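Reading through the structure tokens given below for one structure.
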Amino acid sequence: MPTAKPVALITGGAKGIGRAIARRLLASGWHVAIIDLANSGLRRVLARDRDILAIEGDVREEHTASDAVAATIHRFHHLDAVVSNAGIMVRKPLRRLTLAEWHRVLETNLTATFLLARAAEKPLRKARGAIVTIASTRALMSEPNTESYSASKGGLLALTHALAMSLDPEVRVNCVSPGWIETRDYSGLRRKDHKQHPAGRVGRPEDVAEIVSWLLDGKRSGFVTGANFVIDGGMTGKMIYED
């Protein structure tokens, strides 16, 4: 009897990094369920493959996580991995940032991860599965006017190691913190954009997808949990002095 394909549930998978992760897992023989907003183009872009389940919903809403987990198990019969990738940024001066905007960013980037981990705990424990959260180098360093985004991503780092301890040993939980990952027009980048990175180039979504794929594979990364992987071409290790 053939071994069942592993199953992953990804939030924010219609575009950018989330879509690259979905495609990488599909290429590796996974079934993939993807949650994204109704206007994200999810069904048009990805739902032509029988290995994909497209789920339209807002990750900020509590029922979205439990409904998505139930739909994924109904379709594929089990759940091996969760990738919490959905995220938004509101970039405003502190004095102009409203409480509603603060809550919207925190709910999308941080609270949604808690909701999904809670909803998926039972099937992930059964599968001895894995969770990967997608944070940002802004959890470690900041630019002006990014308070809500930076706070949400810093919270993800802490939530990651807390979940790793609460769900051990059945479920491994790790975090990936991308730096500059160009998700739109890579050809439009300037030479100086690439040159400022010690790795010699700006990142691509596929760079993040590769490490997420590795972290979800228990045979390759089974000793790794509670960790944060910075994928930024070396930028957070670079000293920058102004002339």
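If you're wondering about the labels, chains in the structure tokens are A, B, ... by order shown, residues count from 1 in each chain, ligands from 1 in order shown.
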- DSSP says strand (DSSP E) for which residues of range 64-186 of chain A? Put them as a ChimeraX atom specification? /A:81-84,130-134,172-178
Selected residues, N, CA, C and O atoms, written as a compact mmCIF listing (two decimals), in the first residue's frame, please.
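Output file selection_26.txt follows:
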```
# COMPACT_ATOMS: atom_id res chain seq x y z
N ALA A 81 1.43 19.44 8.74
CA ALA A 81 2.21 20.67 8.89
C ALA A 81 1.34 21.90 8.73
O ALA A 81 0.35 21.90 7.99
N VAL A 82 1.73 22.95 9.44
CA VAL A 82 1.09 24.26 9.33
C VAL A 82 2.18 25.30 9.06
O VAL A 82 3.23 25.29 9.72
N VAL A 83 1.92 26.19 8.11
CA VAL A 83 2.81 27.32 7.84
C VAL A 83 1.99 28.59 8.02
O VAL A 83 1.08 28.87 7.24
N SER A 84 2.31 29.35 9.06
CA SER A 84 1.59 30.59 9.33
C SER A 84 2.34 31.73 8.66
O SER A 84 3.30 32.28 9.21
N ALA A 130 4.70 19.40 12.24
CA ALA A 130 5.54 20.59 12.40
C ALA A 130 4.75 21.85 12.10
O ALA A 130 3.81 21.85 11.30
N ILE A 131 5.16 22.93 12.75
CA ILE A 131 4.64 24.27 12.48
C ILE A 131 5.83 25.15 12.12
O ILE A 131 6.87 25.09 12.77
N VAL A 132 5.65 25.98 11.09
CA VAL A 132 6.63 27.02 10.76
C VAL A 132 5.90 28.36 10.74
O VAL A 132 4.88 28.51 10.07
N THR A 133 6.41 29.31 11.51
CA THR A 133 5.88 30.66 11.48
C THR A 133 6.81 31.53 10.62
O THR A 133 8.02 31.31 10.60
N ILE A 134 6.23 32.49 9.94
CA ILE A 134 7.02 33.41 9.10
C ILE A 134 7.03 34.77 9.77
O ILE A 134 6.02 35.49 9.79
N ARG A 172 7.15 19.80 16.24
CA ARG A 172 8.27 20.74 16.20
C ARG A 172 7.75 22.09 15.69
O ARG A 172 6.92 22.13 14.78
N VAL A 173 8.24 23.17 16.29
CA VAL A 173 7.81 24.51 15.91
C VAL A 173 9.03 25.39 15.70
O VAL A 173 9.86 25.54 16.59
N ASN A 174 9.14 25.98 14.52
CA ASN A 174 10.27 26.83 14.18
C ASN A 174 9.79 28.09 13.46
O ASN A 174 8.67 28.15 12.96
N CYS A 175 10.68 29.06 13.40
CA CYS A 175 10.37 30.36 12.80
C CYS A 175 11.38 30.68 11.70
O CYS A 175 12.57 30.38 11.84
N VAL A 176 10.91 31.28 10.62
CA VAL A 176 11.77 31.79 9.56
C VAL A 176 11.57 33.31 9.50
O VAL A 176 10.44 33.79 9.43
N SER A 177 12.67 34.06 9.54
CA SER A 177 12.61 35.52 9.51
C SER A 177 13.27 36.04 8.24
O SER A 177 14.50 36.20 8.18
N PRO A 178 12.50 36.29 7.20
CA PRO A 178 13.06 36.81 5.95
C PRO A 178 13.47 38.27 6.08
O PRO A 178 12.88 39.04 6.84
```
With the cut-off set at 12 Å and counting only C-alpha atoms, tabulate each residue of range 62-139 of chain A with an atom at most that distance from an atom of range 37-43 of chain A, showing the nearest atom pair and its distance in Å to one decimal, ordered by chain and increasing number, as CSV.
```
residue,atom,partner,partner_atom,distance
A:Thr64,CA,A:Leu37,CA,10.8
A:Ala86,CA,A:Leu37,CA,9.9
A:Gly87,CA,A:Leu37,CA,11.7
A:Thr108,CA,A:Leu37,CA,11.6
```
Please save N, CA and C atoms of the selected residues as a short mmCIF file (atom, residue, chain, number, x, y, z; two decimals), in the first residue's frame.
```cif
data_model
loop_
_atom_site.label_atom_id
_atom_site.label_comp_id
_atom_site.auth_asym_id
_atom_site.auth_seq_id
_atom_site.Cartn_x
_atom_site.Cartn_y
_atom_site.Cartn_z
N THR A 64 -12.13 30.83 11.33
CA THR A 64 -11.40 30.50 10.10
C THR A 64 -10.40 29.37 10.34
N ALA A 86 0.55 34.38 6.60
CA ALA A 86 -0.24 35.58 6.32
C ALA A 86 0.28 36.76 7.13
N GLY A 87 0.41 37.90 6.48
CA GLY A 87 0.90 39.07 7.19
C GLY A 87 0.61 40.35 6.42
N THR A 108 -3.70 39.93 12.46
CA THR A 108 -3.35 39.20 11.24
C THR A 108 -2.03 38.47 11.38
#
```
Hey, could you make a per-residue contact list for range 87-196 of chain A against range 218-233 of chain A with 12 Å as the cut-off, showing the nearest pair of atoms and its distance in Å to one decimal, counting only C-alpha atoms, sorted by chain and number, as a Markdown table?
```
| residue | atom | partner | partner_atom | distance |
| --- | --- | --- | --- | --- |
| A:Ala127 | CA | A:Gly218 | CA | 10.7 |
| A:Arg128 | CA | A:Gly218 | CA | 8.6 |
| A:Gly129 | CA | A:Gly218 | CA | 7.6 |
| A:Ala130 | CA | A:Gly218 | CA | 7.9 |
| A:Ile131 | CA | A:Thr225 | CA | 9.4 |
| A:Val132 | CA | A:Asn228 | CA | 9.7 |
| A:Thr133 | CA | A:Asn228 | CA | 9.2 |
| A:Ile134 | CA | A:Asn228 | CA | 9.5 |
| A:Ala135 | CA | A:Asn228 | CA | 8.9 |
| A:Ser136 | CA | A:Val230 | CA | 7.9 |
| A:Thr137 | CA | A:Val230 | CA | 6.8 |
| A:Arg138 | CA | A:Val230 | CA | 10.5 |
| A:Ala139 | CA | A:Val230 | CA | 10.3 |
| A:Leu140 | CA | A:Val230 | CA | 9.7 |
| A:Met141 | CA | A:Val230 | CA | 11.8 |
| A:Lys153 | CA | A:Asn228 | CA | 11.6 |
| A:Gly154 | CA | A:Asn228 | CA | 11.1 |
| A:Leu156 | CA | A:Asn228 | CA | 10.0 |
| A:Leu157 | CA | A:Asn228 | CA | 7.1 |
| A:Ala158 | CA | A:Gly226 | CA | 9.3 |
| A:Leu159 | CA | A:Gly226 | CA | 9.4 |
| A:Thr160 | CA | A:Gly226 | CA | 6.2 |
| A:His161 | CA | A:Gly226 | CA | 4.4 |
| A:Ala162 | CA | A:Gly226 | CA | 7.7 |
| A:Leu163 | CA | A:Gly226 | CA | 7.8 |
| A:Ala164 | CA | A:Gly226 | CA | 5.1 |
| A:Met165 | CA | A:Gly226 | CA | 7.5 |
| A:Ser166 | CA | A:Gly226 | CA | 10.5 |
| A:Leu167 | CA | A:Thr225 | CA | 10.3 |
| A:Asp168 | CA | A:Thr225 | CA | 8.8 |
| A:Pro169 | CA | A:Thr225 | CA | 9.4 |
| A:Glu170 | CA | A:Gly222 | CA | 10.6 |
| A:Val171 | CA | A:Thr225 | CA | 8.6 |
| A:Arg172 | CA | A:Thr225 | CA | 5.0 |
| A:Val173 | CA | A:Thr225 | CA | 5.2 |
| A:Asn174 | CA | A:Ala227 | CA | 5.1 |
| A:Cys175 | CA | A:Asn228 | CA | 4.6 |
| A:Val176 | CA | A:Phe229 | CA | 4.7 |
| A:Ser177 | CA | A:Val230 | CA | 4.7 |
| A:Pro178 | CA | A:Ile231 | CA | 4.6 |
| A:Gly179 | CA | A:Asp232 | CA | 4.1 |
| A:Trp180 | CA | A:Asp232 | CA | 6.3 |
| A:Ile181 | CA | A:Asp232 | CA | 7.9 |
| A:Glu182 | CA | A:Asp232 | CA | 11.3 |
| A:Asp193 | CA | A:Gly233 | CA | 11.6 |
| A:His194 | CA | A:Gly233 | CA | 9.6 |
| A:Lys195 | CA | A:Gly233 | CA | 10.5 |
| A:Gln196 | CA | A:Gly233 | CA | 9.3 |
```
- Message: As an exercise, work out the distance from CA of Ala112 in chain A to CA of Met235 in chain A in Å and give it to one decimal place.
- Response: 28.1 Å
- Of the residues A:Glu107, A:Asp185, A:Glu121, A:Glu101, which is the one nearest to Val69 in chain A, using only C-alpha atoms?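 For Val69 in chain A, the nearest of the candidates is A:Glu121.
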- Task: Tell me which protein, DNA and RNA residues are within 10 Å of Arg95 in chain A, counting only C-alpha atoms, leaving out same-chain ones fewer than 3 positions away, and put them as a ChimeraX atom specification.
- Result: /A:92,98,145
Take the residues just selected and output them with N, CA and C atoms as a compact mmCIF listing (two decimals), in the first residue's frame.
```txt
# COMPACT_ATOMS: atom_id res chain seq x y z
N LYS A 92 3.12 53.89 9.26
CA LYS A 92 2.69 55.25 9.54
C LYS A 92 3.50 55.81 10.70
N THR A 98 -3.48 54.44 14.19
CA THR A 98 -4.68 54.31 14.99
C THR A 98 -4.68 52.98 15.75
N ASN A 145 8.64 54.04 11.85
CA ASN A 145 7.23 53.94 11.49
C ASN A 145 6.75 52.52 11.22
```
Using only C-alpha atoms, find each residue of range 17-133 of chain A with at least one atom at most 6 Å away from an atom of range 204-209 of chain A; report its shortest atom-to-atom pair and that distance in Å (one decimal), sort the rows by chain and rising residue number, and return the result as CSV.
```
residue,atom,partner,partner_atom,distance
A:Ile17,CA,A:Pro205,CA,4.7
A:Ala20,CA,A:Glu206,CA,5.6
A:Ile21,CA,A:Ala209,CA,4.4
```
Output the selection as a CSV table (one decimal), in the first residue's frame - C-alpha atoms for each residue.
```csv
chain,number,residue,atom,x,y,z
A,17,ILE,CA,6.3,33.9,-0.2
A,20,ALA,CA,6.4,29.9,-3.3
A,21,ILE,CA,6.1,27.7,-0.3
```
- Task: Go through A:His63, A:His103, A:His31, A:Lys192 and flag the residue nearest Ile10 in chain A, using only C-alpha atoms for the distances.
- Result: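 Nearest to Ile10 in chain A: A:His31.
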- Selected residue, from A:Glu210, A:Leu9, A:Pro93, A:Leu53, that lies nearest to Pro123 in chain A when counting only C-alpha atoms: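 Looking at the shortest contact to Pro123 in chain A, the residue is A:Leu9.
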- Message: Taking only range 5-233 of chain A into account, list the residues labelled alpha helix (DSSP H) by DSSP (computed from the backbone), as a PyMOL selection string.
- Response: chain A and resi 16-27+42-46+62-76+99-106+112-127+147-166+191-195+205-216+218-221
- Message: Need the shell around Leu26 in chain A: protein/DNA/RNA residues with any atom at most 10 Å away, counting only C-alpha atoms. Skip same-chain ones fewer than 5 positions apart. Format as a list in words?
- Response: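 Contacts, in chain order: Pro6, Val7, Ala8, Ala20, Ile21, His31, Val32, Asp49, Asp51 and Ile52 of chain A.
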Taking all heavy atoms for each residue, export the selection above as a PDB file, in the first residue's frame.
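Done, and the output landed in part33.pdb:
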```
ATOM      1  N   PRO A   6       2.086  13.649   2.531  1.00  0.00           N
ATOM      2  CA  PRO A   6       1.953  14.573   3.655  1.00  0.00           C
ATOM      3  C   PRO A   6       1.079  15.759   3.266  1.00  0.00           C
ATOM      4  O   PRO A   6       0.961  16.108   2.090  1.00  0.00           O
ATOM      5  CB  PRO A   6       3.392  14.993   3.942  1.00  0.00           C
ATOM      6  CG  PRO A   6       4.112  14.794   2.653  1.00  0.00           C
ATOM      7  CD  PRO A   6       3.452  13.612   1.989  1.00  0.00           C
ATOM      8  N   VAL A   7       0.482  16.378   4.273  1.00  0.00           N
ATOM      9  CA  VAL A   7      -0.475  17.462   4.043  1.00  0.00           C
ATOM     10  C   VAL A   7      -0.048  18.693   4.832  1.00  0.00           C
ATOM     11  O   VAL A   7       0.234  18.607   6.037  1.00  0.00           O
ATOM     12  CB  VAL A   7      -1.896  17.041   4.483  1.00  0.00           C
ATOM     13  CG1 VAL A   7      -2.880  18.190   4.270  1.00  0.00           C
ATOM     14  CG2 VAL A   7      -2.343  15.799   3.727  1.00  0.00           C
ATOM     15  N   ALA A   8      -0.014  19.847   4.161  1.00  0.00           N
ATOM     16  CA  ALA A   8       0.325  21.112   4.815  1.00  0.00           C
ATOM     17  C   ALA A   8      -0.808  22.108   4.645  1.00  0.00           C
ATOM     18  O   ALA A   8      -1.476  22.146   3.597  1.00  0.00           O
ATOM     19  CB  ALA A   8       1.602  21.699   4.228  1.00  0.00           C
ATOM     20  N   ALA A  20       5.119  30.630  -3.088  1.00  0.00           N
ATOM     21  CA  ALA A  20       6.365  29.905  -3.345  1.00  0.00           C
ATOM     22  C   ALA A  20       6.478  28.683  -2.435  1.00  0.00           C
ATOM     23  O   ALA A  20       6.935  27.614  -2.866  1.00  0.00           O
ATOM     24  CB  ALA A  20       7.563  30.827  -3.140  1.00  0.00           C
ATOM     25  N   ILE A  21       6.066  28.819  -1.186  1.00  0.00           N
ATOM     26  CA  ILE A  21       6.092  27.675  -0.274  1.00  0.00           C
ATOM     27  C   ILE A  21       5.139  26.596  -0.756  1.00  0.00           C
ATOM     28  O   ILE A  21       5.478  25.406  -0.775  1.00  0.00           O
ATOM     29  CB  ILE A  21       5.727  28.128   1.154  1.00  0.00           C
ATOM     30  CG1 ILE A  21       6.810  29.051   1.714  1.00  0.00           C
ATOM     31  CG2 ILE A  21       5.520  26.916   2.070  1.00  0.00           C
ATOM     32  CD1 ILE A  21       6.415  29.757   3.001  1.00  0.00           C
ATOM     33  N   HIS A  31       0.276  17.286  -0.402  1.00  0.00           N
ATOM     34  CA  HIS A  31      -1.016  17.940  -0.579  1.00  0.00           C
ATOM     35  C   HIS A  31      -0.927  19.272   0.162  1.00  0.00           C
ATOM     36  O   HIS A  31      -0.305  19.354   1.231  1.00  0.00           O
ATOM     37  CB  HIS A  31      -2.152  17.121   0.037  1.00  0.00           C
ATOM     38  CG  HIS A  31      -2.457  15.848  -0.670  1.00  0.00           C
ATOM     39  ND1 HIS A  31      -2.770  15.776  -2.010  1.00  0.00           N
ATOM     40  CD2 HIS A  31      -2.534  14.561  -0.199  1.00  0.00           C
ATOM     41  CE1 HIS A  31      -3.018  14.524  -2.344  1.00  0.00           C
ATOM     42  NE2 HIS A  31      -2.872  13.769  -1.263  1.00  0.00           N
ATOM     43  N   VAL A  32      -1.581  20.300  -0.382  1.00  0.00           N
ATOM     44  CA  VAL A  32      -1.495  21.625   0.219  1.00  0.00           C
ATOM     45  C   VAL A  32      -2.881  22.258   0.300  1.00  0.00           C
ATOM     46  O   VAL A  32      -3.590  22.335  -0.704  1.00  0.00           O
ATOM     47  CB  VAL A  32      -0.554  22.541  -0.587  1.00  0.00           C
ATOM     48  CG1 VAL A  32      -0.574  23.945  -0.027  1.00  0.00           C
ATOM     49  CG2 VAL A  32       0.868  21.994  -0.587  1.00  0.00           C
ATOM     50  N   ASP A  49      -5.306  22.229  -9.295  1.00  0.00           N
ATOM     51  CA  ASP A  49      -4.581  20.995  -9.041  1.00  0.00           C
ATOM     52  C   ASP A  49      -5.330  20.213  -7.973  1.00  0.00           C
ATOM     53  O   ASP A  49      -5.745  20.763  -6.958  1.00  0.00           O
ATOM     54  CB  ASP A  49      -3.165  21.352  -8.554  1.00  0.00           C
ATOM     55  CG  ASP A  49      -2.241  20.162  -8.504  1.00  0.00           C
ATOM     56  OD1 ASP A  49      -2.667  19.108  -8.003  1.00  0.00           O
ATOM     57  OD2 ASP A  49      -1.091  20.298  -8.936  1.00  0.00           O
ATOM     58  N   ASP A  51      -4.204  18.323  -5.884  1.00  0.00           N
ATOM     59  CA  ASP A  51      -3.430  18.284  -4.647  1.00  0.00           C
ATOM     60  C   ASP A  51      -3.596  19.556  -3.819  1.00  0.00           C
ATOM     61  O   ASP A  51      -3.005  19.680  -2.750  1.00  0.00           O
ATOM     62  CB  ASP A  51      -1.937  18.082  -4.951  1.00  0.00           C
ATOM     63  CG  ASP A  51      -1.636  16.683  -5.440  1.00  0.00           C
ATOM     64  OD1 ASP A  51      -2.298  15.743  -4.965  1.00  0.00           O
ATOM     65  OD2 ASP A  51      -0.745  16.533  -6.288  1.00  0.00           O
ATOM     66  N   ILE A  52      -4.394  20.524  -4.307  1.00  0.00           N
ATOM     67  CA  ILE A  52      -4.573  21.800  -3.626  1.00  0.00           C
ATOM     68  C   ILE A  52      -6.013  21.955  -3.164  1.00  0.00           C
ATOM     69  O   ILE A  52      -6.952  21.647  -3.897  1.00  0.00           O
ATOM     70  CB  ILE A  52      -4.222  22.975  -4.553  1.00  0.00           C
ATOM     71  CG1 ILE A  52      -2.766  22.913  -4.993  1.00  0.00           C
ATOM     72  CG2 ILE A  52      -4.492  24.310  -3.853  1.00  0.00           C
ATOM     73  CD1 ILE A  52      -2.397  23.975  -5.998  1.00  0.00           C
TER      74      ILE A  52
END
```
- For Leu110 in chain A, which residue out of A:Arg60, A:Asp67, A:Arg91, A:Thr146 is the nearest one, using only C-alpha atoms? A:Arg60
- Can you tell me how far CA of Asp58 in chain A sits from CA of Leu97 in chain A, in Å to one decimal?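 CA of Leu97 in chain A lies 22.0 Å from CA of Asp58 in chain A.
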- Query: Please, what distance in Å, to one decimal, runs between CA of Gly200 in chain A and CA of Gly18 in chain A?
  - Reply: 23.8 Å
